[in-house]
file run-v2.csv (CSV, C-alpha atoms)
chain,number,residue,atom,x,y,z
A,1,GLU,CA,-32.8,153.9,-23.8
A,2,ALA,CA,-32.3,157.4,-22.4
A,3,ALA,CA,-35.9,158.4,-23.4
A,4,SER,CA,-37.3,155.3,-21.9
A,5,ALA,CA,-35.4,155.8,-18.7
A,6,LEU,CA,-36.6,159.4,-18.5
A,7,GLU,CA,-40.2,158.2,-18.9
A,8,VAL,CA,-39.8,155.5,-16.2
A,9,TYR,CA,-37.8,157.4,-13.6
A,10,SER,CA,-39.4,160.8,-13.8
A,11,LEU,CA,-41.6,161.8,-10.9
A,12,GLY,CA,-44.7,161.1,-12.9
A,13,GLY,CA,-43.3,157.7,-14.0
A,14,LEU,CA,-42.4,156.8,-10.4
A,15,ILE,CA,-46.0,157.6,-9.2
A,16,SER,CA,-47.5,155.5,-12.0
A,17,ARG,CA,-45.1,152.6,-11.2
A,18,LEU,CA,-46.0,152.9,-7.5
A,19,PHE,CA,-49.7,152.4,-8.2
A,20,GLU,CA,-48.9,149.5,-10.6
A,21,GLU,CA,-46.9,147.7,-7.9
A,22,LEU,CA,-49.6,148.5,-5.3
A,23,ALA,CA,-52.2,146.9,-7.6
A,24,GLN,CA,-49.9,143.8,-8.1
A,25,ALA,CA,-49.5,143.5,-4.4
A,26,ILE,CA,-53.1,143.8,-3.5
A,27,GLU,CA,-54.6,141.7,-6.4
A,28,PRO,CA,-53.5,138.2,-5.1
A,29,GLN,CA,-54.9,139.0,-1.6
A,30,LEU,CA,-58.3,140.2,-2.9
A,31,SER,CA,-58.6,137.5,-5.6
A,32,SER,CA,-58.7,134.8,-2.9
A,33,LEU,CA,-61.7,136.7,-1.3
A,34,ASN,CA,-63.5,138.0,-4.3
A,35,PRO,CA,-62.1,138.0,-7.9
A,36,VAL,CA,-64.5,140.6,-9.1
A,37,LEU,CA,-63.6,143.0,-6.3
A,38,ALA,CA,-59.9,142.4,-7.1
A,39,ASP,CA,-60.5,143.4,-10.7
A,40,VAL,CA,-62.4,146.5,-9.8
A,41,VAL,CA,-59.7,147.6,-7.2
A,42,VAL,CA,-56.9,147.1,-9.8
A,43,GLY,CA,-58.8,149.1,-12.4
A,44,VAL,CA,-59.5,151.9,-9.9
A,45,LEU,CA,-55.8,152.0,-8.8
A,46,GLY,CA,-54.8,152.2,-12.5
A,47,GLY,CA,-57.1,155.1,-13.0
A,48,LEU,CA,-55.8,157.0,-10.0
A,49,GLY,CA,-52.2,156.3,-11.1
A,50,ALA,CA,-53.0,157.8,-14.5
A,51,VAL,CA,-54.4,161.0,-13.0
A,52,LEU,CA,-51.8,161.5,-10.3
A,53,SER,CA,-48.9,160.7,-12.7
A,54,PHE,CA,-49.6,163.9,-14.6
A,55,LEU,CA,-49.7,166.2,-11.5
A,56,PRO,CA,-45.9,166.7,-11.1
A,57,LEU,CA,-45.5,167.6,-14.8
A,58,VAL,CA,-48.5,169.9,-14.9
A,59,PHE,CA,-47.2,171.7,-11.8
A,60,ILE,CA,-43.6,172.0,-13.0
A,61,VAL,CA,-44.6,173.2,-16.5
A,62,SER,CA,-47.0,175.7,-14.9
A,63,ALA,CA,-44.2,177.0,-12.6
A,64,VAL,CA,-41.8,177.4,-15.6
A,65,MET,CA,-44.5,179.3,-17.5
A,66,ALA,CA,-45.3,181.6,-14.6
A,67,ALA,CA,-41.6,182.2,-13.9
A,68,LEU,CA,-40.9,183.2,-17.6
A,69,GLU,CA,-43.9,185.5,-17.6
A,70,ASP,CA,-43.0,187.2,-14.3
A,71,LEU,CA,-39.3,187.3,-15.3
A,72,GLY,CA,-40.1,189.3,-18.4
A,73,ILE,CA,-38.5,186.9,-20.9
A,74,GLY,CA,-41.8,185.2,-22.0
A,75,PRO,CA,-43.4,188.4,-23.3
A,76,ARG,CA,-40.3,189.3,-25.3
A,77,ILE,CA,-40.2,185.9,-27.0
A,78,ALA,CA,-44.0,186.2,-27.9
A,79,ALA,CA,-43.4,189.7,-29.3
A,80,ALA,CA,-40.5,188.6,-31.4
A,81,LEU,CA,-42.4,185.7,-33.0
A,82,HIS,CA,-45.8,187.4,-33.4
A,83,SER,CA,-45.4,188.4,-37.0
A,84,PHE,CA,-44.6,184.8,-38.0
A,85,PHE,CA,-47.4,183.2,-36.1
A,86,THR,CA,-50.0,185.7,-37.5
A,87,LYS,CA,-49.6,184.0,-40.9
A,88,PHE,CA,-51.2,180.9,-39.3
A,89,GLY,CA,-54.0,182.7,-37.4
A,90,LEU,CA,-52.1,182.7,-34.1
A,91,SER,CA,-50.4,185.3,-32.0
A,92,GLY,CA,-46.9,185.2,-30.5
A,93,ARG,CA,-48.4,183.7,-27.4
A,94,ALA,CA,-48.8,180.4,-29.3
A,95,VAL,CA,-45.1,179.7,-28.8
A,96,TYR,CA,-45.7,178.9,-25.1
A,97,PRO,CA,-47.9,175.8,-25.6
A,98,MET,CA,-45.9,174.7,-28.6
A,99,THR,CA,-42.7,174.6,-26.5
A,100,ILE,CA,-44.4,172.9,-23.6
A,101,ALA,CA,-45.8,170.2,-25.9
A,102,PHE,CA,-42.3,168.9,-26.6
A,103,GLY,CA,-42.4,167.7,-23.0
A,104,CYS,CA,-46.1,166.7,-22.7
A,105,ASN,CA,-49.3,167.6,-24.6
A,106,VAL,CA,-51.5,167.7,-21.5
A,107,PRO,CA,-50.0,170.9,-20.0
A,108,ALA,CA,-49.6,172.2,-23.5
A,109,VAL,CA,-53.3,172.1,-24.0
A,110,LEU,CA,-53.8,173.7,-20.6
A,111,ALA,CA,-51.4,176.5,-21.7
A,112,SER,CA,-53.9,177.5,-24.4
A,113,ARG,CA,-55.4,179.8,-21.8
A,114,ALA,CA,-52.3,182.0,-22.2
A,115,ALA,CA,-54.2,183.3,-25.3
A,116,VAL,CA,-56.3,186.3,-24.8
A,117,ASP,CA,-58.4,185.8,-27.9
A,118,ASP,CA,-61.1,183.1,-27.5
A,119,ALA,CA,-60.8,181.8,-31.0
A,120,GLU,CA,-57.0,181.4,-30.6
A,121,ARG,CA,-57.6,179.5,-27.4
A,122,VAL,CA,-59.7,177.0,-29.3
A,123,GLU,CA,-57.1,176.8,-32.1
A,124,ILE,CA,-54.3,176.0,-29.7
A,125,ALA,CA,-56.2,173.4,-27.7
A,126,ILE,CA,-57.1,171.5,-30.8
A,127,ALA,CA,-53.9,171.8,-32.8
A,128,VAL,CA,-51.1,171.6,-30.2
A,129,PRO,CA,-51.3,167.7,-29.8
A,130,PHE,CA,-49.6,167.4,-33.2
A,131,VAL,CA,-46.3,168.4,-31.6
A,132,THR,CA,-44.3,165.3,-30.7
A,133,CYS,CA,-44.1,164.8,-26.9
A,134,GLN,CA,-41.7,162.9,-24.7
A,135,ALA,CA,-43.8,159.7,-24.9
A,136,GLY,CA,-43.9,160.0,-28.7
A,137,LEU,CA,-40.1,160.3,-28.7
A,138,ILE,CA,-39.8,156.8,-27.2
A,139,VAL,CA,-41.8,155.3,-30.0
A,140,LEU,CA,-40.0,157.4,-32.6
A,141,LEU,CA,-36.5,156.3,-31.4
A,142,TYR,CA,-37.6,152.7,-31.3
A,143,PHE,CA,-38.9,152.8,-34.9
A,144,VAL,CA,-35.9,154.6,-36.4
A,145,SER,CA,-33.4,152.4,-34.6
A,146,GLN,CA,-35.2,149.2,-35.9
A,147,LEU,CA,-35.8,150.6,-39.4
A,148,PHE,CA,-32.4,152.2,-40.1
A,149,LYS,CA,-28.8,151.4,-39.2
A,150,ASN,CA,-27.4,154.5,-40.8
A,151,PRO,CA,-27.3,157.3,-38.1
A,152,VAL,CA,-27.9,159.9,-40.8
A,153,HIS,CA,-31.2,158.2,-41.9
A,154,GLN,CA,-32.2,157.9,-38.3
A,155,ALA,CA,-31.6,161.6,-37.6
A,156,ALA,CA,-33.3,162.7,-40.8
A,157,THR,CA,-36.5,160.7,-40.0
A,158,ALA,CA,-36.6,162.1,-36.4
A,159,PHE,CA,-36.1,165.7,-37.8
A,160,PHE,CA,-38.9,165.4,-40.3
A,161,ILE,CA,-41.3,164.0,-37.7
A,162,TYR,CA,-40.6,166.9,-35.3
A,163,ALA,CA,-40.7,169.4,-38.1
A,164,GLY,CA,-43.9,167.9,-39.5
A,165,GLY,CA,-45.5,168.1,-36.0
A,166,ILE,CA,-44.8,171.8,-35.8
A,167,LEU,CA,-46.0,172.4,-39.3
A,168,LEU,CA,-49.3,170.5,-38.6
A,169,TYR,CA,-49.7,172.5,-35.4
A,170,LEU,CA,-49.6,175.7,-37.5
A,171,VAL,CA,-51.7,174.5,-40.4
A,172,ALA,CA,-54.4,172.9,-38.1
A,173,ALA,CA,-54.7,176.2,-36.2
A,174,LYS,CA,-55.3,178.0,-39.4
A,175,ILE,CA,-57.9,175.4,-40.5
A,176,VAL,CA,-59.7,175.7,-37.1
A,177,ARG,CA,-59.8,179.5,-37.2
A,178,ARG,CA,-61.0,179.8,-40.8
A,179,LEU,CA,-63.2,176.8,-41.3
A,180,VAL,CA,-64.5,175.8,-37.9
A,181,LEU,CA,-64.7,179.1,-36.2
A,182,GLY,CA,-65.2,181.3,-39.3
A,183,VAL,CA,-62.7,183.9,-38.1
A,184,ARG,CA,-60.5,185.5,-40.8
A,185,GLU,CA,-58.6,188.2,-38.9
A,186,PRO,CA,-55.5,187.1,-37.0
A,187,PRO,CA,-55.5,187.7,-33.3
A,188,GLU,CA,-53.9,190.8,-31.8
A,189,LEU,CA,-51.0,190.5,-29.4
A,190,VAL,CA,-51.9,192.3,-26.2
A,191,LEU,CA,-49.4,191.9,-23.5
A,192,GLU,CA,-47.3,193.9,-21.0
A,193,ILE,CA,-43.5,193.7,-21.5
A,194,PRO,CA,-42.2,194.4,-18.0
A,195,PRO,CA,-38.5,195.0,-17.2
A,196,ILE,CA,-36.5,191.8,-16.7
A,197,HIS,CA,-36.4,191.1,-12.9
A,198,ARG,CA,-36.3,188.3,-10.5
A,199,PRO,CA,-39.7,186.4,-10.5
A,200,SER,CA,-41.7,186.3,-7.3
A,201,LEU,CA,-41.7,182.9,-5.7
A,202,ARG,CA,-45.2,183.5,-4.2
A,203,VAL,CA,-46.6,184.5,-7.6
A,204,VAL,CA,-45.1,181.4,-9.3
A,205,LEU,CA,-46.3,179.0,-6.7
A,206,TRP,CA,-49.8,180.4,-6.5
A,207,ASN,CA,-50.2,180.3,-10.3
A,208,SER,CA,-48.8,176.8,-10.5
A,209,TRP,CA,-51.0,175.4,-7.8
A,210,ASP,CA,-54.1,177.1,-9.3
A,211,MET,CA,-53.5,175.5,-12.7
A,212,THR,CA,-52.7,172.1,-11.1
A,213,LYS,CA,-55.8,172.2,-8.9
A,214,HIS,CA,-57.9,173.1,-11.9
A,215,PHE,CA,-56.5,170.2,-13.9
A,216,LEU,CA,-57.1,167.7,-11.1
A,217,ARG,CA,-60.7,168.8,-10.6
A,218,LYS,CA,-61.7,169.0,-14.2
A,219,ALA,CA,-59.5,166.9,-16.5
A,220,GLY,CA,-58.7,164.4,-13.7
A,221,LEU,CA,-62.2,163.1,-13.5
A,222,VAL,CA,-62.3,162.5,-17.3
A,223,ILE,CA,-58.9,160.8,-17.3
A,224,PHE,CA,-60.0,158.6,-14.4
A,225,ALA,CA,-63.2,157.5,-16.2
A,226,LEU,CA,-61.4,156.9,-19.5
A,227,SER,CA,-58.7,154.9,-17.8
A,228,LEU,CA,-61.3,152.6,-16.2
A,229,ALA,CA,-62.9,152.2,-19.6
A,230,SER,CA,-59.6,151.4,-21.3
A,231,TRP,CA,-58.6,149.0,-18.5
A,232,TYR,CA,-61.9,147.1,-19.0
A,233,LEU,CA,-61.4,146.9,-22.8
A,234,LEU,CA,-57.9,145.4,-22.3
A,235,ASN,CA,-58.8,143.0,-19.5
A,236,TYR,CA,-62.3,141.7,-20.5
A,237,GLY,CA,-63.7,140.0,-23.5
A,238,ALA,CA,-66.8,138.1,-24.6
A,239,SER,CA,-66.1,135.3,-22.1
A,240,GLY,CA,-65.4,137.7,-19.2
A,241,ALA,CA,-62.0,138.4,-17.7
A,242,VAL,CA,-59.2,137.2,-20.0
A,243,ASP,CA,-55.6,136.2,-19.3
A,244,ASN,CA,-54.6,136.7,-22.9
A,245,VAL,CA,-55.0,140.2,-24.2
A,246,SER,CA,-55.6,138.9,-27.7
A,247,GLN,CA,-59.0,137.7,-26.5
A,248,SER,CA,-60.0,141.1,-25.0
A,249,TRP,CA,-62.5,143.6,-26.3
A,250,GLY,CA,-59.5,145.8,-27.2
A,251,ALA,CA,-58.1,143.2,-29.5
A,252,GLU,CA,-61.6,142.8,-31.1
A,253,LEU,CA,-61.6,146.6,-31.8
A,254,GLY,CA,-58.1,146.2,-33.3
A,255,ARG,CA,-59.6,143.6,-35.7
A,256,VAL,CA,-62.4,146.0,-36.6
A,257,PHE,CA,-59.8,148.5,-37.8
A,258,ALA,CA,-57.7,145.8,-39.6
A,259,PRO,CA,-59.5,145.9,-43.0
A,260,ALA,CA,-59.0,149.7,-43.2
A,261,LEU,CA,-55.3,149.4,-42.3
A,262,GLN,CA,-54.9,146.6,-44.9
A,263,HIS,CA,-56.4,148.8,-47.6
A,264,ILE,CA,-54.6,152.0,-46.7
A,265,TYR,CA,-51.1,150.7,-46.0
A,266,GLY,CA,-51.2,147.3,-47.7
A,267,LEU,CA,-50.6,145.4,-44.4
A,268,SER,CA,-51.1,141.7,-44.1
A,269,SER,CA,-54.2,140.6,-42.1
A,270,ASP,CA,-52.1,139.4,-39.2
A,271,SER,CA,-50.1,142.6,-39.0
A,272,ALA,CA,-53.1,144.9,-39.5
A,273,TRP,CA,-55.1,143.8,-36.4
A,274,LYS,CA,-52.0,144.0,-34.3
A,275,VAL,CA,-51.3,147.6,-35.5
A,276,GLY,CA,-55.0,148.4,-34.9
A,277,PHE,CA,-54.7,147.1,-31.3
A,278,ALA,CA,-51.4,149.0,-30.8
A,279,LEU,CA,-53.1,152.2,-31.9
A,280,LEU,CA,-55.9,151.7,-29.4
A,281,ASN,CA,-53.3,150.9,-26.7
A,282,GLY,CA,-51.3,153.9,-27.7
A,283,PHE,CA,-54.4,156.1,-27.1
A,284,ILE,CA,-54.2,155.0,-23.5
A,285,ALA,CA,-50.4,155.9,-23.3
A,286,LYS,CA,-48.3,156.5,-26.4
A,287,GLU,CA,-45.4,154.6,-25.1
A,288,GLY,CA,-47.6,151.5,-25.0
A,289,LEU,CA,-47.6,151.2,-28.8
A,290,VAL,CA,-44.5,149.0,-29.0
A,291,THR,CA,-45.2,147.1,-25.9
A,292,SER,CA,-48.7,146.0,-27.1
A,293,VAL,CA,-47.3,144.5,-30.3
A,294,ALA,CA,-44.7,142.5,-28.4
A,295,MET,CA,-47.3,141.4,-25.9
A,296,LEU,CA,-49.7,140.2,-28.7
A,297,SER,CA,-46.9,138.4,-30.6
A,298,GLY,CA,-45.2,136.8,-27.5
A,299,VAL,CA,-41.8,138.3,-28.3
A,300,THR,CA,-39.5,140.9,-26.8
A,301,GLU,CA,-39.9,144.6,-27.7
A,302,GLU,CA,-36.7,144.3,-29.8
A,303,GLU,CA,-38.3,141.6,-31.9
A,304,ALA,CA,-41.8,143.3,-32.2
A,305,PHE,CA,-40.9,145.4,-35.2
A,306,ALA,CA,-39.7,142.4,-37.2
A,307,VAL,CA,-42.8,140.4,-36.3
A,308,LEU,CA,-45.0,143.0,-38.1
A,309,GLY,CA,-43.1,142.4,-41.4
A,310,LEU,CA,-43.4,146.0,-42.6
A,311,ASP,CA,-41.4,147.3,-45.5
A,312,THR,CA,-39.8,150.8,-45.4
A,313,ALA,CA,-42.8,152.6,-46.9
A,314,GLN,CA,-45.3,150.9,-44.6
A,315,ALA,CA,-43.2,151.4,-41.5
A,316,LEU,CA,-42.7,155.1,-42.1
A,317,ALA,CA,-46.4,155.6,-42.9
A,318,VAL,CA,-47.5,153.8,-39.8
A,319,LEU,CA,-44.9,155.7,-37.7
A,320,THR,CA,-46.2,159.0,-39.2
A,321,PHE,CA,-49.8,158.1,-38.2
A,322,MET,CA,-48.7,156.9,-34.7
A,323,MET,CA,-46.8,160.2,-34.1
A,324,PHE,CA,-49.6,162.6,-35.2
A,325,TYR,CA,-52.9,161.0,-34.2
A,326,ILE,CA,-54.3,161.7,-30.7
A,327,PRO,CA,-51.4,161.4,-28.2
A,328,CYS,CA,-53.3,159.9,-25.3
A,329,LEU,CA,-56.6,159.9,-23.4
A,330,ALA,CA,-55.3,162.5,-21.0
A,331,THR,CA,-54.8,165.0,-23.8
A,332,VAL,CA,-58.4,164.4,-24.9
A,333,ALA,CA,-59.5,165.1,-21.3
A,334,ALA,CA,-57.5,168.3,-21.2
A,335,MET,CA,-58.8,169.3,-24.6
A,336,TYR,CA,-62.4,168.8,-23.4
A,337,GLN,CA,-61.7,170.8,-20.2
A,338,GLU,CA,-60.3,173.8,-22.1
A,339,LEU,CA,-62.9,173.8,-24.9
A,340,ARG,CA,-65.8,173.2,-22.5
A,341,SER,CA,-67.7,171.8,-25.4
A,342,VAL,CA,-68.3,168.2,-26.4
A,343,LYS,CA,-68.9,169.3,-30.0
A,344,LEU,CA,-65.6,171.2,-30.3
A,345,ALA,CA,-63.7,168.4,-28.5
A,346,LEU,CA,-65.1,165.8,-31.0
A,347,ILE,CA,-64.3,168.2,-33.9
A,348,GLY,CA,-60.8,168.5,-32.6
A,349,VAL,CA,-60.2,164.8,-32.3
A,350,ALA,CA,-61.7,164.2,-35.7
A,351,LEU,CA,-59.5,166.9,-37.3
A,352,VAL,CA,-56.3,165.6,-35.7
A,353,VAL,CA,-57.0,162.0,-36.7
A,354,PHE,CA,-58.0,163.1,-40.3
A,355,LEU,CA,-54.8,165.2,-40.8
A,356,ALA,CA,-52.6,162.4,-39.3
A,357,LEU,CA,-54.2,159.9,-41.7
A,358,ALA,CA,-53.9,162.2,-44.7
A,359,VAL,CA,-50.2,162.8,-44.1
A,360,SER,CA,-49.4,159.2,-43.4
A,361,VAL,CA,-51.2,158.1,-46.6
A,362,ALA,CA,-49.2,160.7,-48.5
A,363,VAL,CA,-46.0,159.4,-47.0
A,364,TYR,CA,-46.9,155.8,-48.0
A,365,ARG,CA,-47.9,156.7,-51.5
A,366,ILE,CA,-44.8,158.7,-52.2
A,367,LEU,CA,-42.3,156.2,-50.7
A,368,ALA,CA,-44.1,153.3,-52.5
A,369,LEU,CA,-43.3,154.9,-55.8
A,370,PHE,CA,-39.6,154.6,-55.1
A,371,ALA,CA,-39.8,151.1,-53.7
call {"tool": "encode", "arguments": {"input": "run-v2.csv", "output": "structure tokens"}}
result
Amino acid sequence: EAASALEVYSLGGLISRLFEELAQAIEPQLSSLNPVLADVVVGVLGGLGAVLSFLPLVFIVSAVMAALEDLGIGPRIAAALHSFFTKFGLSGRAVYPMTIAFGCNVPAVLASRAAVDDAERVEIAIAVPFVTCQAGLIVLLYFVSQLFKNPVHQAATAFFIYAGGILLYLVAAKIVRRLVLGVREPPELVLEIPPIHRPSLRVVLWNSWDMTKHFLRKAGLVIFALSLASWYLLNYGASGAVDNVSQSWGAELGRVFAPALQHIYGLSSDSAWKVGFALLNGFIAKEGLVTSVAMLSGVTEEEAFAVLGLDTAQALAVLTFMMFYIPCLATVAAMYQELRSVKLALIGVALVVFLALAVSVAVYRILALFA
């Protein structure tokens, strides 16, 4: 409940909600004039809301980073952790984006530019989405509360998900450096450690606005385009506009993934396509994973888990994949912006999905042995 409230009532959540309510208010008026125009306007407003909802978080995180750097604490943390991170092909600077990712993966990917080494910048941009963000926390808390009644089991599951995300971040960075980029030597840590002093407000605000403006100009366009495409998939089907999302193109894509999910996790055919659709909807926004299952089944979110009929091994395996696969379309947009290469962005997405799938399958196979 607390995580959901934080997501809804944060500044970004309020902006997103404002655009949703604006779309709901305008749609009936435009529908009476031109239904097609109404659909287009609703889709455009949804895309704008998706872009602008990230601006406050990007600005705040950028301000915190700039303040820590100017204060003198940030360089000291990086220097203290450098020897540990070099074991995974990273420098101590990699702790910045990792910490930021616990709040949101989008500014964490943008924070990859804190790295001086070009190869390290690519490593961080690709690997940091493994770290569980705030939106992922909502899904995690929902699953553990539905799956376990024992608080110890709930806490243990949450701990292993977070620890697994950090480990995958480090391992994926090593894989990218060695196999994708072909670099064997770890990066050097080159930074100035100034005396601790009060940060300059002018410097902090200038750096924050510069990063936010860069995000809006580059990643914002990609997020807007992907949001429109996602909106179309969820609201249109073979027969045109649909009232029931189960008839949409998005649901059809969920059915395409269903056979693979049945084979990998032993899901029933009815559960498999719903999980497939949820994964697609979760790519739009991670917190939409649970809502989408409830929406398809015509039940409340509290009943959505029971409707899927998953046993413990299946539920934990699906949860593991949900936590570690691509967090959201905004993260992919930020990744493309920082990598400046379609090829590297696609390699990054493929690597994240592959490792998430491999870990989730391992979880399922191990737990199934004890079932």
call {"tool": "closest_atom_pairs", "arguments": {"input": "run-v2.csv", "of": "stretch 45-117 of chain A", "to": "stretch 323-339 of chain A", "cutoff": "8 Å", "atoms": "only C-alpha atoms", "output": "JSON lines"}}
result
{"residue": "A:Asn105", "atom": "CA", "partner": "A:Thr331", "partner_atom": "CA", "distance": 6.1}
{"residue": "A:Val106", "atom": "CA", "partner": "A:Thr331", "partner_atom": "CA", "distance": 4.8}
{"residue": "A:Val109", "atom": "CA", "partner": "A:Met335", "partner_atom": "CA", "distance": 6.2}
{"residue": "A:Leu110", "atom": "CA", "partner": "A:Ala334", "partner_atom": "CA", "distance": 6.6}
{"residue": "A:Ser112", "atom": "CA", "partner": "A:Glu338", "partner_atom": "CA", "distance": 7.7}
{"residue": "A:Arg113", "atom": "CA", "partner": "A:Glu338", "partner_atom": "CA", "distance": 7.8}
call {"tool": "closest_residue", "arguments": {"input": "run-v2.csv", "among": "A:Leu279, A:Ala317, A:Met322, A:Ala345", "to": "A:Ile366", "atoms": "only C-alpha atoms"}}
result
A:Ala317
call {"tool": "closest_residue", "arguments": {"input": "run-v2.csv", "among": "A:Ala135, A:Ala66, A:Ala306, A:Val363", "to": "A:Trp209", "atoms": "only C-alpha atoms"}}
result
A:Ala66
call {"tool": "closest_residue", "arguments": {"input": "run-v2.csv", "among": "A:Val144, A:Ile166, A:Val359, A:Ala313", "to": "A:Ala101", "atoms": "all atoms listed in the file"}}
result
A:Ile166
call {"tool": "atom_distance", "arguments": {"input": "run-v2.csv", "atom1": "atom CA of A:Gly89", "atom2": "atom CA of A:Lys174"}}
result
5.3 Å
